[in-house]
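With compact mmCIF, C-alpha atoms and all ligand atoms inside, this is run.txt:
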# COMPACT_ATOMS: atom_id res chain seq x y z
CA MET A 297 24.58 -14.37 25.99
CA ALA A 298 23.67 -13.20 22.51
CA GLY A 299 20.23 -13.83 21.07
CA ASN A 300 20.99 -13.00 17.45
CA ILE A 301 17.38 -11.98 17.00
CA MET A 302 16.74 -9.57 14.18
CA PRO A 303 13.78 -7.18 14.03
CA ASN A 304 12.49 -9.11 11.02
CA ARG A 305 13.36 -12.38 9.29
CA LEU A 306 11.94 -12.53 5.77
CA ASP A 307 13.74 -15.78 5.02
CA ARG A 308 11.64 -17.60 7.63
CA ALA A 309 8.39 -16.75 5.88
CA PHE A 310 9.88 -17.99 2.62
CA TYR A 311 10.88 -21.36 4.06
CA GLN A 312 7.39 -21.81 5.55
CA TYR A 313 6.06 -22.25 1.99
CA GLN A 314 9.27 -22.97 0.11
CA GLU A 315 7.97 -25.74 -2.12
CA GLU A 316 4.89 -23.91 -3.33
CA LEU A 317 6.81 -20.67 -3.88
CA GLU A 318 9.62 -22.33 -5.81
CA ALA A 319 7.17 -24.26 -7.97
CA LYS A 320 5.28 -21.07 -8.83
CA ALA A 321 8.48 -19.14 -9.57
CA LEU A 322 9.61 -21.83 -12.02
CA GLU A 323 6.18 -21.98 -13.61
CA VAL A 324 6.26 -18.24 -14.29
CA LEU A 325 9.86 -18.25 -15.51
CA ARG A 326 9.03 -21.00 -17.96
CA SER A 327 5.79 -19.41 -19.15
CA GLY A 328 7.38 -16.71 -21.29
CA TRP A 329 4.94 -14.05 -20.00
CA TYR A 330 6.44 -11.66 -17.45
CA VAL A 331 4.40 -8.48 -17.05
CA LEU A 332 0.60 -7.99 -16.77
CA GLY A 333 -0.46 -11.51 -17.68
CA PRO A 334 -2.61 -14.34 -16.35
CA GLU A 335 -1.00 -14.40 -12.88
CA VAL A 336 -1.75 -10.70 -12.42
CA GLN A 337 -5.33 -11.22 -13.54
CA GLU A 338 -5.86 -14.13 -11.19
CA PHE A 339 -4.23 -12.30 -8.31
CA GLU A 340 -6.47 -9.28 -8.89
CA LYS A 341 -9.54 -11.53 -8.81
CA GLU A 342 -8.41 -13.35 -5.70
CA PHE A 343 -7.36 -10.25 -3.79
CA ALA A 344 -10.63 -8.47 -4.62
CA GLN A 345 -12.49 -11.52 -3.35
CA TYR A 346 -10.35 -11.74 -0.21
CA THR A 347 -11.01 -8.12 0.69
CA GLY A 348 -14.65 -8.17 -0.29
CA SER A 349 -14.32 -5.50 -2.98
CA ARG A 350 -15.42 -5.60 -6.61
CA TYR A 351 -12.16 -4.64 -8.32
CA CYS A 352 -8.45 -4.89 -7.68
CA VAL A 353 -5.77 -3.37 -9.89
CA GLY A 354 -2.20 -4.61 -9.47
CA LEU A 355 0.50 -1.93 -9.43
CA ALA A 356 4.25 -1.65 -8.97
CA SER A 357 4.29 -0.34 -5.37
CA GLY A 358 2.32 1.01 -2.46
CA LEU A 359 3.45 4.55 -3.18
CA ASP A 360 2.11 4.24 -6.73
CA ALA A 361 -1.20 3.00 -5.34
CA LEU A 362 -1.42 6.14 -3.18
CA TRP A 363 -0.45 8.79 -5.69
CA LEU A 364 -2.44 7.19 -8.50
CA ALA A 365 -5.47 7.02 -6.20
CA PHE A 366 -5.43 10.79 -5.74
CA ARG A 367 -4.67 11.23 -9.43
CA VAL A 368 -7.70 9.27 -10.61
CA LEU A 369 -9.88 11.07 -8.06
CA GLY A 370 -8.75 14.36 -9.60
CA ILE A 371 -7.20 15.70 -6.39
CA GLY A 372 -4.26 18.01 -6.96
CA SER A 373 -3.00 21.56 -6.75
CA GLY A 374 -5.03 23.78 -4.44
CA ASP A 375 -6.68 20.82 -2.69
CA GLU A 376 -6.10 19.75 0.90
CA VAL A 377 -5.98 16.16 2.13
CA ILE A 378 -6.09 15.35 5.84
CA VAL A 379 -3.66 12.64 6.94
CA GLN A 380 -2.33 11.59 10.33
CA ALA A 381 0.90 13.21 11.48
CA ASN A 382 2.52 9.99 12.69
CA THR A 383 2.55 8.00 9.46
CA TYR A 384 5.24 6.65 7.17
CA ILE A 385 6.31 9.40 4.78
CA ALA A 386 5.01 7.51 1.71
CA SER A 387 1.43 8.33 2.76
CA VAL A 388 2.27 12.03 2.56
CA MET A 389 4.17 11.69 -0.71
CA GLY A 390 1.10 10.11 -2.27
CA ILE A 391 -0.64 13.44 -1.64
CA THR A 392 2.15 15.88 -2.51
CA ILE A 393 3.23 14.17 -5.76
CA ASN A 394 -0.12 15.41 -7.07
CA GLY A 395 0.51 18.95 -5.90
CA ALA A 396 -2.10 18.68 -3.14
CA THR A 397 -1.38 19.90 0.40
CA PRO A 398 -1.26 17.51 3.34
CA VAL A 399 -3.02 18.74 6.48
CA PHE A 400 -1.87 16.78 9.50
CA VAL A 401 -4.03 15.47 12.30
CA GLU A 402 -2.76 14.16 15.63
CA PRO A 403 -2.94 10.42 16.39
CA ASP A 404 -5.12 8.77 19.02
CA ILE A 405 -3.86 6.35 21.68
CA PHE A 406 -4.08 3.49 19.17
CA TYR A 407 -1.61 5.28 16.83
CA ASN A 408 -4.33 5.92 14.26
CA MET A 409 -5.83 9.25 13.27
CA ASP A 410 -7.75 10.94 16.07
CA ALA A 411 -11.19 11.20 14.47
CA SER A 412 -12.39 13.67 17.09
CA ARG A 413 -9.93 16.25 15.78
CA LEU A 414 -10.89 16.01 12.11
CA GLU A 415 -13.79 18.42 12.10
CA GLU A 416 -11.72 21.43 13.14
CA LEU A 417 -9.31 20.87 10.24
CA VAL A 418 -11.85 20.87 7.44
CA THR A 419 -11.72 23.98 5.20
CA GLU A 420 -13.29 24.79 1.84
CA ARG A 421 -10.20 23.37 0.22
CA THR A 422 -10.40 20.00 1.96
CA LYS A 423 -11.13 17.34 -0.64
CA ALA A 424 -10.24 14.07 1.04
CA ILE A 425 -9.12 12.16 4.08
CA LEU A 426 -6.31 9.65 3.82
CA VAL A 427 -6.70 7.20 6.68
CA VAL A 428 -3.67 5.03 7.48
CA HIS A 429 -4.34 1.83 9.39
CA LEU A 430 -1.00 2.06 11.10
CA TYR A 431 0.91 -0.91 12.52
CA GLY A 432 -1.87 -3.24 11.36
CA GLN A 433 -4.75 -1.86 13.37
CA ALA A 434 -7.96 -0.68 11.73
CA ALA A 435 -8.74 2.97 12.41
CA ASN A 436 -11.94 4.29 13.97
CA MET A 437 -13.90 4.11 10.73
CA GLU A 438 -17.33 4.86 12.13
CA GLU A 439 -16.38 8.38 13.15
CA ILE A 440 -14.17 9.02 10.14
CA LEU A 441 -16.96 8.04 7.74
CA GLU A 442 -19.29 10.33 9.62
CA VAL A 443 -16.99 13.32 9.03
CA CYS A 444 -16.57 12.39 5.35
CA LYS A 445 -20.31 12.27 4.90
CA ARG A 446 -20.96 15.53 6.72
CA HIS A 447 -18.42 17.45 4.64
CA ARG A 448 -18.68 15.47 1.39
CA LEU A 449 -15.05 14.42 1.52
CA ARG A 450 -13.57 11.57 -0.42
CA LEU A 451 -11.94 8.79 1.52
CA VAL A 452 -8.75 6.95 0.56
CA GLU A 453 -7.26 4.23 2.77
CA ASP A 454 -3.58 3.43 3.17
CA CYS A 455 -3.67 -0.30 3.93
CA ALA A 456 0.05 -0.93 3.40
CA GLN A 457 0.21 -2.31 6.95
CA SER A 458 -3.29 -3.66 7.42
CA HIS A 459 -3.91 -6.58 5.01
CA GLY A 460 -6.91 -8.38 6.43
CA ALA A 461 -7.57 -6.08 9.40
CA CYS A 462 -11.25 -5.39 10.02
CA CYS A 463 -13.27 -2.68 11.70
CA GLN A 464 -16.71 -3.90 12.83
CA GLY A 465 -16.23 -6.97 10.63
CA LYS A 466 -15.54 -5.00 7.43
CA MET A 467 -12.10 -5.16 5.91
CA THR A 468 -9.81 -2.15 5.73
CA GLY A 469 -9.62 -0.83 2.20
CA THR A 470 -13.36 -1.25 1.59
CA PHE A 471 -14.58 1.79 3.56
CA GLY A 472 -13.27 4.45 1.22
CA GLU A 473 -13.49 4.86 -2.52
CA ILE A 474 -10.01 3.44 -2.97
CA GLY A 475 -7.96 1.16 -0.70
CA CYS A 476 -4.19 1.27 -1.34
CA PHE A 477 -1.95 -1.70 -0.63
CA SER A 478 1.78 -2.33 -0.64
CA PHE A 479 3.23 -5.81 -0.97
CA TYR A 480 6.77 -4.75 -0.17
CA PRO A 481 8.56 -7.85 1.19
CA SER A 482 8.23 -6.85 4.85
CA LYS A 483 4.46 -6.22 4.71
CA ASN A 484 2.00 -8.78 6.08
CA LEU A 485 1.31 -9.94 2.53
CA GLY A 486 4.77 -9.56 1.06
CA ALA A 487 6.12 -10.11 -2.44
CA PHE A 488 9.74 -10.86 -3.32
CA GLY A 489 10.38 -7.41 -4.66
CA ASP A 490 8.21 -4.32 -5.04
CA ALA A 491 4.48 -4.66 -5.67
CA GLY A 492 1.24 -2.89 -4.81
CA ALA A 493 -2.46 -2.70 -5.68
CA ILE A 494 -5.63 -0.72 -5.20
CA ILE A 495 -9.09 -2.06 -4.50
CA THR A 496 -12.35 -0.28 -5.26
CA ASP A 497 -16.04 -0.94 -5.89
CA ASP A 498 -16.17 1.76 -8.54
CA GLU A 499 -15.85 0.42 -12.06
CA GLU A 500 -14.81 3.78 -13.53
CA LEU A 501 -12.04 4.27 -10.98
CA ALA A 502 -10.74 0.75 -11.60
CA LYS A 503 -10.76 1.36 -15.33
CA SER A 504 -9.01 4.67 -14.92
CA MET A 505 -6.36 3.04 -12.73
CA ARG A 506 -5.69 0.39 -15.38
CA ILE A 507 -5.10 3.14 -17.91
CA TYR A 508 -2.81 5.14 -15.64
CA ARG A 509 -0.64 2.18 -14.67
CA ASN A 510 0.31 1.52 -18.28
CA TYR A 511 1.48 4.88 -19.64
CA GLY A 512 -2.06 6.17 -19.83
CA SER A 513 -3.07 3.74 -22.54
CA GLU A 514 -5.89 1.26 -22.85
CA LYS A 515 -4.97 0.31 -26.35
CA ARG A 516 -1.33 0.02 -27.26
CA TYR A 517 0.19 3.31 -28.51
CA TYR A 518 -3.04 5.26 -27.96
CA ASN A 519 -2.37 7.35 -24.87
CA LYS A 520 -5.28 9.09 -23.18
CA VAL A 521 -3.44 10.66 -20.26
CA VAL A 522 0.11 11.07 -19.03
CA GLY A 523 0.28 7.97 -16.91
CA ALA A 524 2.95 5.97 -15.17
CA ASN A 525 4.80 2.73 -15.61
CA SER A 526 3.31 0.98 -12.63
CA ARG A 527 2.69 -2.52 -13.91
CA LEU A 528 2.72 -5.54 -11.66
CA ASP A 529 4.89 -8.36 -12.91
CA GLU A 530 3.90 -11.99 -13.28
CA LEU A 531 6.51 -13.35 -10.91
CA GLN A 532 5.38 -11.13 -8.02
CA ALA A 533 1.70 -11.75 -8.76
CA GLY A 534 2.23 -15.50 -8.87
CA LEU A 535 4.16 -15.54 -5.61
CA LEU A 536 1.57 -13.26 -4.00
CA ARG A 537 -1.15 -15.73 -5.00
CA VAL A 538 0.69 -18.48 -3.12
CA ARG A 539 1.02 -16.30 -0.03
CA LEU A 540 -2.54 -15.03 -0.22
CA ARG A 541 -3.79 -18.61 0.11
CA HIS A 542 -2.01 -18.77 3.46
CA LEU A 543 -2.61 -15.23 4.65
CA SER A 544 -5.19 -16.16 7.28
CA ARG A 545 -2.78 -18.55 8.90
CA LEU A 546 0.09 -16.07 8.63
CA THR A 547 -2.07 -13.43 10.31
CA ALA A 548 -3.14 -15.85 13.05
CA GLU A 549 0.52 -16.56 13.75
CA ARG A 550 1.24 -12.83 14.13
CA ARG A 551 -1.76 -12.48 16.43
CA GLU A 552 -0.46 -15.24 18.65
CA LEU A 553 2.96 -13.66 18.89
CA ALA A 554 1.42 -10.29 19.74
CA CYS A 555 -0.91 -11.80 22.36
CA ARG A 556 2.02 -13.47 24.02
CA TYR A 557 3.95 -10.21 24.24
CA THR A 558 0.93 -8.51 25.80
CA ARG A 559 0.36 -11.38 28.22
CA GLU A 560 3.93 -11.86 29.35
CA LEU A 561 5.61 -8.45 29.16
CA GLN A 562 5.72 -7.07 32.67
CA ASN A 563 7.80 -3.99 33.06
CA GLN A 564 6.30 -0.77 34.36
CA ARG A 565 8.68 1.25 32.19
CA LEU A 566 7.14 -0.06 28.99
CA HIS A 567 3.83 1.09 27.58
CA LEU A 568 2.21 -1.73 25.61
CA PRO A 569 0.00 -1.31 22.52
CA GLN A 570 -3.78 -1.29 22.97
CA VAL A 571 -6.50 -2.38 20.59
CA ARG A 572 -9.72 -0.43 20.21
CA PRO A 573 -12.78 -2.63 20.68
CA GLY A 574 -14.25 -3.41 17.24
CA CYS A 575 -11.05 -2.44 15.36
CA ASP A 576 -8.82 -5.48 15.16
CA SER A 577 -5.12 -5.59 14.40
CA VAL A 578 -3.13 -7.87 12.10
CA TRP A 579 0.00 -6.83 14.00
CA HIS A 580 2.18 -5.52 11.24
CA GLN A 581 4.26 -4.17 14.12
CA TYR A 582 4.18 -4.64 17.87
CA VAL A 583 4.97 -1.13 19.04
CA ILE A 584 5.82 -0.29 22.64
CA ARG A 585 6.66 3.11 24.08
CA THR A 586 9.28 4.17 26.58
CA LYS A 587 10.97 7.41 27.58
CA GLU A 588 14.18 5.42 27.99
CA ARG A 589 14.24 4.26 24.38
CA GLU A 590 17.91 4.92 23.69
CA GLY A 591 18.99 2.99 26.77
CA LEU A 592 16.57 0.16 26.03
CA MET A 593 17.76 -0.21 22.45
CA GLN A 594 21.39 -0.40 23.56
CA TYR A 595 20.54 -2.85 26.33
CA LEU A 596 18.71 -5.10 23.84
CA GLU A 597 21.47 -4.72 21.24
CA ARG A 598 24.03 -5.99 23.78
CA GLN A 599 21.96 -9.14 24.09
CA GLY A 600 21.71 -9.57 20.35
CA ILE A 601 18.13 -8.33 20.01
CA GLY A 602 17.46 -5.92 17.17
CA THR A 603 14.65 -3.37 17.24
CA ILE A 604 13.45 -0.66 14.85
CA ILE A 605 11.79 2.73 15.29
CA HIS A 606 8.67 3.27 13.18
CA TYR A 607 9.23 6.22 12.65
CA PRO A 608 11.86 8.48 14.21
CA ILE A 609 10.99 11.64 12.24
CA PRO A 610 7.36 12.58 11.64
CA PRO A 611 6.78 13.78 8.05
CA HIS A 612 6.06 17.38 9.10
CA LEU A 613 9.61 17.61 10.51
CA SER A 614 11.25 15.81 7.62
CA GLU A 615 13.77 17.73 5.54
CA ALA A 616 11.78 16.69 2.47
CA TYR A 617 8.84 18.76 3.75
CA ALA A 618 10.71 21.80 5.04
CA ASP A 619 8.74 23.89 2.54
CA LEU A 620 5.49 23.13 4.37
CA GLY A 621 6.86 25.38 7.11
CA HIS A 622 6.11 23.22 10.14
CA GLN A 623 8.11 23.28 13.34
CA ARG A 624 8.69 21.10 16.35
CA GLY A 625 5.73 21.59 18.65
CA ASP A 626 3.14 21.75 15.87
CA TYR A 627 1.97 18.18 16.51
CA PRO A 628 3.16 17.35 20.02
CA LEU A 629 1.52 13.92 20.22
CA ALA A 630 2.96 12.71 16.93
CA GLU A 631 6.33 14.07 18.01
CA GLU A 632 6.13 12.34 21.39
CA TYR A 633 5.36 9.06 19.64
CA ALA A 634 8.29 9.59 17.26
CA ASP A 635 10.54 10.07 20.30
CA THR A 636 9.32 7.06 22.29
CA VAL A 637 8.00 4.26 20.03
CA LEU A 638 9.92 1.05 19.49
CA SER A 639 8.94 -2.01 17.43
CA LEU A 640 9.78 -5.39 18.93
CA PRO A 641 10.85 -8.35 16.78
CA LEU A 642 7.72 -10.01 15.38
CA TYR A 643 7.70 -12.07 12.21
CA ASN A 644 6.24 -15.21 10.70
CA GLY A 645 8.41 -18.12 11.70
CA MET A 646 9.59 -16.53 14.96
CA THR A 647 10.28 -19.40 17.36
CA ARG A 648 8.96 -19.74 20.89
CA GLU A 649 12.54 -19.67 22.20
CA GLU A 650 13.33 -16.47 20.34
CA GLN A 651 10.29 -14.75 21.76
CA THR A 652 10.99 -16.04 25.28
CA PHE A 653 14.47 -14.57 25.00
CA VAL A 654 13.08 -11.16 24.00
CA ILE A 655 10.42 -11.21 26.74
CA GLU A 656 12.90 -12.13 29.45
CA ALA A 657 15.31 -9.43 28.33
CA LEU A 658 12.55 -6.80 28.36
CA ASN A 659 11.17 -7.90 31.74
CA SER A 660 14.59 -7.60 33.33
CA PHE A 661 15.41 -4.22 31.75
CA PRO A 662 16.65 -2.30 34.78
CA GLY A 663 16.13 1.17 33.27
C1 LIG A 701 5.17 0.54 3.05
C2 LIG A 701 4.22 1.67 3.16
C3 LIG A 701 3.88 2.45 2.06
C4 LIG A 701 4.59 2.39 0.73
O1 LIG A 701 4.64 1.17 0.13
P1 LIG A 701 5.80 0.84 -0.95
O2 LIG A 701 5.36 -0.43 -1.56
O3 LIG A 701 7.08 0.74 -0.18
O4 LIG A 701 5.84 1.96 -1.93
C5 LIG A 701 2.90 3.41 2.20
N1 LIG A 701 2.29 3.62 3.38
C6 LIG A 701 2.60 2.90 4.47
C7 LIG A 701 1.87 3.15 5.75
C8 LIG A 701 3.58 1.91 4.41
O5 LIG A 701 3.89 1.21 5.51

As structure tokens, please, write out the structure in this file.
Amino acid sequence: MAGNIMPNRLDRAFYQYQEELEAKALEVLRSGWYVLGPEVQEFEKEFAQYTGSRYCVGLASGLDALWLAFRVLGIGSGDEVIVQANTYIASVMGITINGATPVFVEPDIFYNMDASRLEELVTERTKAILVVHLYGQAANMEEILEVCKRHRLRLVEDCAQSHGACCQGKMTGTFGEIGCFSFYPSKNLGAFGDAGAIITDDEELAKSMRIYRNYGSEKRYYNKVVGANSRLDELQAGLLRVRLRHLSRLTAERRELACRYTRELQNQRLHLPQVRPGCDSVWHQYVIRTKEREGLMQYLERQGIGTIIHYPIPPHLSEAYADLGHQRGDYPLAEEYADTVLSLPLYNGMTREEQTFVIEALNSFPG
């Protein structure tokens, strides 16, 4: 029997709010204003309010949010930024595009940066920590903030997977000086194309970001710095506003799906994800681990269940970063995760029957 269950179904989340989304799309198309307009302004206000920060600046992508964050903080050549070794490669590119050097730290058992290993990595060149709230779970901010304070490091947060996740009741993205978000369609708050944003409480940083995103100009044709074209368009901003209104419900739905996996998955061969007390998860991914990953993937594939690996190659072993000179064995935990993690299907609009099918398949995986 074939399940025909894909790792993700973006169409389902569209149909959940089809009417509102279509109405907004038409409204924007008919407005005659397509880039950096009223929808962007309203979205920035609403997203700042949602996260509990003072400013939000809409951008073209999550990667832009990251590299522009380091750019406006003045971090570049000769500087080191500590980032976890088991992240998506975009986090690392945000650092290296500026000429800064990424220094990797091993993950903890929650797949976030192991704060207890930070201290030993700090050198005189360390300027910042980039914390990634991976798979939707807030990192151990208490300890990370402590290290930042002790060594006067700047803190940037990669919240591309953690929209709405809190640590001790405070939302991810508001701990550091800049919180970076992606609204790529598959993210928890997803656009219908590429989009991103930063949030900050610092007026100067927000102002600087607005200049950088538009060719380095505040006033048309007067360019202060060599910036980027990283403008958010009206269509994406408008559609994001519709989704943002429903984000709490969308997150609750993901939580329910994740809870059910945790409750009903019973197979000794599978290691299930854990949540650190005080650091909640918005379940961008539900990531299990198994040494028999290849066999499990094929077994699931035969039953029509698709799965994805986030991520098979840690950045330090990526061809793109060969020049950093790392080898297999440098970060054994991150490498073990890369070899054993597997993301189960979890998406808004996933039916009870679909999930039952996945759970039964996993529980009867013979190994
Ligand atoms: C998606 C993602 C990004 C990059 O976002 P884009 O919008 O695709 O540029 C950065 N970091 C993490 C952790 C991500 O998951």

Open item on the list: So that I can see what lies close to stretch 468-485 of chain A, please list as a PyMOL selection string the residues with an atom at most 6 Å from it, counting only C-alpha atoms and leaving out residues fewer than 6 positions away in the same chain.
Closed with: chain A and resi 357-358+361-362+451-456+461-462+491-496

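Closest approach to ligand LIG 701 (chain A) from the set A:Glu402, A:Asp490, A:Glu514, A:Glu316 is made by A:Asp490, with distances taken over only C-alpha atoms and all ligand atoms.
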
Open item on the list: Measuring between all atoms listed in the file, which one of A:Asn525, A:Arg308, A:Met437, A:Leu640 shows the shortest distance to A:Glu597?
Closed with: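 Among A:Asn525, A:Arg308, A:Met437, A:Leu640, it is A:Leu640 that comes nearest to A:Glu597.
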
TODO: Point out the residue among A:Thr647, A:Gln433, A:Ser544, A:Ser504 with the least atom-to-atom distance to ligand LIG 701 (chain A), counting only C-alpha atoms and all ligand atoms.
DONE: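 The closest residue to ligand LIG 701 (chain A) is A:Gln433.
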
Task: Best match for closeness to ligand LIG 701 (chain A) among A:Ala396, A:Met593, A:Leu561, A:Val388, counting all atoms listed in the file - done: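 Smallest separation from ligand LIG 701 (chain A) among the options: A:Val388.
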
Open item on the list: Counting only C-alpha atoms, I want the residues whose atoms come within 8 Å of (-2.5, 4.3, 14.5) in the file frame, returned as a PyMOL selection string.
Closed with: chain A and resi 382+403-409+428-431+433-435

TODO: Give the answer as one residue: which of A:Ser373, A:Gln457, A:Thr652, A:Gln345 has the shortest atom-to-atom distance to ligand LIG 701 (chain A), using all atoms listed in the file?
DONE: A:Gln457

Task: Closest of A:Val324, A:Leu317, A:Val377, A:Ile385 to ligand LIG 701 (chain A) - atom-to-atom distances counting all atoms listed in the file - done: A:Ile385

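The two atoms in question, atom CA of A:Arg545 and atom CA of A:Gly354, are spaced 23.1 Å apart.
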
TODO: Would you mind reading off the distance between atom CA of A:Ala309 and atom CA of A:Glu549, one decimal, in Å?
DONE: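 Between atom CA of A:Ala309 and atom CA of A:Glu549 the gap works out to 11.1 Å.
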
- [ ] Excluding A:Gly348 and any residue of its chain fewer than 2 positions from it, enumerate the residues within 9 Å of it, using only C-alpha atoms, and give them as an NGL selection string.
- [x] :A and (343-346 or 350 or 466-467 or 470)
